[in-house]
Structures are given as C-alpha cells and as structure tokens.
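Since the structure comes first, as structure tokens, the remarks are kept for the end.
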Amino acid sequence: MKSKEVTQYQLLQSGIDNKTLDSLKKNKNVTLLTVEKLCTILNCTPNDIVKFTK
C-alpha cells in the first residue's frame, strides 16, 4: 500500500469494509473476493500481496 500510496481510507471507499480491514491488519484469513478487490485497487497480482508459509 505504501509503494502504491493507497490509504486505509481509500480501501474503505473502494469496498473493503472495516471488519475486513481489521482482519488484514491482524494477518487473519480473508476471502478470495477480498484478494481480488485488493489486487484491483492496488493494480497488482495475488502473488504481490499473498505469502504462503508452512
């Protein structure tokens, strides 16, 4: 978000709700729909924002 200069307020205005934003901050699970919205807002791919760990 920093490199794209996107604020939390812009995410809220773009359809990401408060509950989802809180989940993102706490590294909790989010839906694929949320990942899709984030990729659209940030103009990126899921590989840019998702990290899989064991």
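Convention: chains lettered A, B, ... in structure tokens order; per-chain residue numbering from 1; ligands numbered from 1 as shown.
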- Item | Polymer residues at most 12 Å from Leu12 (chain A), only C-alpha atoms, same-chain spacing of 4 or more positions, as a ChimeraX atom specification | /A:6-8,16-22,34,37-38,41
- Residues near Pro46 (chain A), cut-off 10 Å, only C-alpha atoms, skip fewer than 3 positions along chain, as a ChimeraX atom specification: /A:32,35-36,38-40,49-51
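One finds CA of Val30 (chain A) at 15.4 Å from CA of Thr53 (chain A).
Atom to atom, CA of Ser3 (chain A) and CA of Thr45 (chain A) stand 14.5 Å apart.
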- Task: Going by DSSP on the backbone, which bits of chain A are helix (DSSP H, G or I)? Write them as a PyMOL selection string, please.
- Result: chain A and resi 8-13+18-25+32-42+46-49
Writing out the chosen residues with C-alpha atoms as a short mmCIF file (atom, residue, chain, number, x, y, z; two decimals), in the first residue's frame:
data_model
loop_
_atom_site.label_atom_id
_atom_site.label_comp_id
_atom_site.auth_asym_id
_atom_site.auth_seq_id
_atom_site.Cartn_x
_atom_site.Cartn_y
_atom_site.Cartn_z
CA GLN A 8 -6.83 2.71 4.54
CA TYR A 9 -9.47 5.33 3.84
CA GLN A 10 -9.17 4.65 0.11
CA LEU A 11 -9.63 0.94 0.76
CA LEU A 12 -12.79 1.67 2.72
CA GLN A 13 -14.07 3.89 -0.09
CA ASN A 18 -13.92 -2.24 8.46
CA LYS A 19 -14.07 -5.87 9.56
CA THR A 20 -12.01 -6.99 6.57
CA LEU A 21 -9.53 -4.18 7.08
CA ASP A 22 -9.11 -5.26 10.71
CA SER A 23 -8.54 -8.87 9.58
CA LEU A 24 -5.85 -7.69 7.17
CA LYS A 25 -4.08 -5.73 9.90
CA LEU A 32 -10.60 -14.60 -2.39
CA LEU A 33 -13.09 -11.85 -3.18
CA THR A 34 -11.14 -9.57 -0.83
CA VAL A 35 -7.86 -10.53 -2.50
CA GLU A 36 -9.44 -9.75 -5.86
CA LYS A 37 -10.63 -6.34 -4.64
CA LEU A 38 -7.20 -5.54 -3.21
CA CYS A 39 -5.49 -6.52 -6.45
CA THR A 40 -7.86 -4.30 -8.41
CA ILE A 41 -7.35 -1.36 -6.06
CA LEU A 42 -3.56 -1.78 -5.93
CA PRO A 46 -2.19 -12.06 -5.85
CA ASN A 47 1.50 -13.07 -5.87
CA ASP A 48 2.33 -9.48 -4.94
CA ILE A 49 0.22 -9.47 -1.78
#
